[in-house]
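Trainee: Shown below is the structure under consideration.
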Amino acid sequence: MSILHGESYKPRNGFTRWLEKRLPIIGLIYPAFVTFPTPRNLNYAYTFGGILLVCLMIQIISGIVLSMHYTPHVDYAFESIEHIMRDVNYGWLIRYMHANGASMFFLAVYIHIFRGLYYGSYKEPRELLWIIGVMLYLMMMATAFLGYLLPWGQMSFWGATVITNFFSAIPFVGDAIVEWLRGGFSIDNATLNRFFSLHYLLPFMIVGVVVLHIWGLHVVGNSNPTGVELQKKEETVPFHPYYTLKDGFALVLFLMLFALFLFYMPNVLGHTDNYIKADSLVTPAHIVPEWYFLPFYAILRAVPDKLLGVLIMFASIGVLFILPWLDTSPVRSAAFRPLYRQFFWIFVFVCLGLGYMGAMPPEGLYLTMSRLLTVYYFFHFLFVLPVLGFFETPRPLPASIMPSVLDTEGKGDVDEGA
Amino acid sequence: MSESDVTELGRRDFLYIATGSFAAVGLSLSAWPFISQMNPDAGVQSLASVVVDLEPIEIGQSITVKWQGKPVFIRHRTPKEIEVSRSVSVLSLIDSDARNENLPGADASDENRVANPDWLVAVGICTHLGCIPVSGAGELGGWLCPCHGSIYDASGRVLKGPAPENLLVPPYVFESNSKIRIG
Ligand code: HEM
Ligand code: FES
């Protein structure tokens, strides 16, 4: 794919010539992040990859600073968080940044994932890129779950109790596995220590997998809102300055939203019970996970059987791994798939609905609704997507991405769908 | 290829495979300490037992004590609660096993769940996903789990899912009429 080869780096002064001869590191980065040929028609939905990178950096930097003041011990963890909030210079800022940063991270990843679903980014040749992305999402969930135990509040304790107990659903060895995970008969000091260790480790493993994600991206190239593959070099622009600036502008808007939470409502996304120190003898009246886990929590509770509930909850993420082979339509972008476009939006509302049900008590109408929505969630992947490819008549695809670039009115085929 | 070449090759193959297998076995064995260290350590394991004085617990009252880091419910049941618990047919229960560590394999009749009809002793951990059920909140004066709505009766038996099992009865003995030792 020669279209995807950015102009290579030419050292201009003595030092860079000397360096490149011995370690061609600039030459490695330059064609990948400066001159990398990028489709000319990417819209703002495509800026969330860059935003996610910044989110990861914010979590790592704020996390390293928090670790300097935090004590992973059952007797001190809760107090050390209060110490960070009250005594440490700007401790409140860094901690709120980390806690709300996790939420912003998930907001960005959800937009990024739904962008992929809308434009069919998971289709050939980007299946592996998509799968690596789902792995990143799983690692993020694991990291956030581990981190949530660290403040040692009531929700920390009981959330970790419920989630480690998922494994007790495994026949025969379940209880042994749960004890092994916790290092005790209940969530205790051993658990807190190992969660801290792994919470520190996982983000750096995420960095490694992000490198694979970007490497894979640079082999197959960006998809674009038309879903039509690039044909000529003229259809691209170098990543810098065109997309560094576009991504940068989107990032500024995103950070404004972040700042709104950080400075004006730093606790609305959290749960008040987590300001009560963990008590192993009292379960809070309502255990709810952080908002970004709510849809999965709703699926778990929708199933009246313990083992089945856990399996179906994991399957709801697992199904994303085989999505590239479930969608039978050869057309990528929903802009040219009139029926899929409607099913896409129905699916978005089903996911939001599941999130709402996850926050409500599991009884009466809420329970019925979560069951219906859970069934539809799987119906979408296992029935709608495979069948739609055979019945839907796609709109005619343009010969190249150029009409969508030249249509300055923004009324072209593509923007209508976007 | 001459005869001697073939045997030479076979010998090298053997050495190659043998060395490789030793390395593989050694590597997997050396993984064991790293897996095993995650299990409960000696301090956690040391089976601390607790002795509870039942004297101050009024009829109808339920207390929670801590045993091995887990909550244990001790309930002084009312005559009504005993009567209702005894009248339940084992066949109508979700879990027909007594789940009594003192009587392994027994069925879930109320007689098999308690050593003394006045006192129910059970680990207060919901058998669904481990929350602590709230006393008196369910029907029949049993327990209601706030997490996903499981209900247990005054014998600690599950009446309504998603919990699959009755509350576990821990090993315990009456040391005197008003004292029990758990563990
Ligand atoms: C993928 C990136 C990360 C995510 C999604 C994440 C998420 C979280 C969450 C949700 C909490 C609980 C916040 C609260 O309610 O107080 C937390 C706490 C914490 N995290 Fe992270 N984290 C990430 C990276 C890191 C890194 C790289 C470190 C250390 C180098 C770190 C260190 C800590 C510490 C010390 C706490 C306890 C302080 C606190 O609760 O505010 N985190 N993390
Ligand atoms: S933990 Fe008790 S019902 Fe789920």
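Numbering starts fresh at 1 for the residues of each chain in the structure tokens, the chains themselves are lettered A, B, ... in the order given, and ligands are numbered from 1 as they appear.
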Near A:Phe157, counting only C-alpha atoms, which residues have an atom at most 10 Å away, once you skip same-chain residues fewer than 6 positions from it, shown as a ChimeraX atom specification?
Mentor: /A:148-151,186-188,192,274,277-280,283
Trainee: Show me which residues line ligand 2, defined as having an atom within 10 Å of a ligand atom where only C-alpha atoms and all ligand atoms count, and present them as a PyMOL selection string.
Mentor: (chain A and resi 158+161-163+165+283+287+300-301+304+306+362) or (chain B and resi 125-134+144-152+160-164)
Trainee: Residues at most 8 Å from ligand 1, using only C-alpha atoms and all ligand atoms? Could they come as a PyMOL selection string?
Mentor: chain A and resi 55-56+59-70+81+95-96+98-103+105-106+139-141+143-151+196+199-204+206+270+274
Trainee: Could you take the residues named above and write them with C-alpha atoms, as an mmCIF file, in the first residue's frame?
Mentor:
```cif
data_model
loop_
_atom_site.group_PDB
_atom_site.id
_atom_site.type_symbol
_atom_site.label_atom_id
_atom_site.label_comp_id
_atom_site.auth_asym_id
_atom_site.auth_seq_id
_atom_site.Cartn_x
_atom_site.Cartn_y
_atom_site.Cartn_z
ATOM 1 C CA CYS A 55 -6.860 10.763 28.443
ATOM 2 C CA LEU A 56 -4.417 7.894 28.991
ATOM 3 C CA GLN A 59 -4.519 9.182 34.028
ATOM 4 C CA ILE A 60 -0.891 8.059 34.125
ATOM 5 C CA ILE A 61 0.499 11.433 35.196
ATOM 6 C CA SER A 62 -2.175 12.101 37.833
ATOM 7 C CA GLY A 63 -1.964 8.470 38.998
ATOM 8 C CA ILE A 64 1.791 8.566 39.536
ATOM 9 C CA VAL A 65 1.378 11.743 41.582
ATOM 10 C CA LEU A 66 -1.466 10.224 43.661
ATOM 11 C CA SER A 67 0.686 7.168 44.404
ATOM 12 C CA MET A 68 3.245 9.473 46.031
ATOM 13 C CA HIS A 69 0.691 10.366 48.733
ATOM 14 C CA TYR A 70 -1.512 7.284 48.878
ATOM 15 C CA ILE A 81 -7.326 9.881 50.350
ATOM 16 C CA ARG A 95 -7.462 13.434 42.736
ATOM 17 C CA TYR A 96 -10.566 14.923 41.117
ATOM 18 C CA HIS A 98 -7.932 11.210 38.192
ATOM 19 C CA ALA A 99 -11.445 10.247 39.307
ATOM 20 C CA ASN A 100 -13.258 12.371 36.701
ATOM 21 C CA GLY A 101 -10.536 11.582 34.171
ATOM 22 C CA ALA A 102 -11.592 7.934 34.302
ATOM 23 C CA SER A 103 -15.146 8.980 33.414
ATOM 24 C CA PHE A 105 -11.771 8.337 29.326
ATOM 25 C CA PHE A 106 -14.826 6.069 29.134
ATOM 26 C CA MET A 139 -8.031 -3.541 29.925
ATOM 27 C CA MET A 140 -9.479 -0.092 30.671
ATOM 28 C CA MET A 141 -12.408 -1.697 32.455
ATOM 29 C CA THR A 143 -7.923 -0.855 35.414
ATOM 30 C CA ALA A 144 -10.881 1.249 36.466
ATOM 31 C CA PHE A 145 -12.332 -1.593 38.530
ATOM 32 C CA LEU A 146 -8.997 -2.137 40.325
ATOM 33 C CA GLY A 147 -8.566 1.608 40.923
ATOM 34 C CA TYR A 148 -12.036 1.959 42.357
ATOM 35 C CA LEU A 149 -11.110 -0.251 45.337
ATOM 36 C CA LEU A 150 -8.205 2.004 46.314
ATOM 37 C CA PRO A 151 -10.162 4.806 48.099
ATOM 38 C CA PHE A 196 -2.868 -1.292 43.925
ATOM 39 C CA HIS A 199 -3.722 -0.816 39.016
ATOM 40 C CA TYR A 200 -0.267 0.681 38.642
ATOM 41 C CA LEU A 201 0.826 -1.961 36.146
ATOM 42 C CA LEU A 202 -2.122 -2.224 33.766
ATOM 43 C CA PRO A 203 -2.036 1.331 32.328
ATOM 44 C CA PHE A 204 1.507 0.711 31.133
ATOM 45 C CA ILE A 206 -2.357 -0.427 27.879
ATOM 46 C CA GLY A 270 -19.273 9.432 41.866
ATOM 47 C CA ASN A 274 -17.780 6.099 48.781
#
```
Trainee: Using DSSP on the backbone, list every residue of chain B that comes out as helix (DSSP H, G or I), and give them as a PyMOL selection string.
Mentor: chain B and resi 3-36+42-45+79-87+90-92+110-113+139-141
Trainee: Residues at most 10 Å from stretch 35-50 of chain B, counting only C-alpha atoms, excluding those fewer than 2 positions away in the same chain, as a PyMOL selection string?
Mentor: (chain A and resi 176-186+188+190-191+194) or (chain B and resi 30-33+52-53+65-69+171-172+180-183)
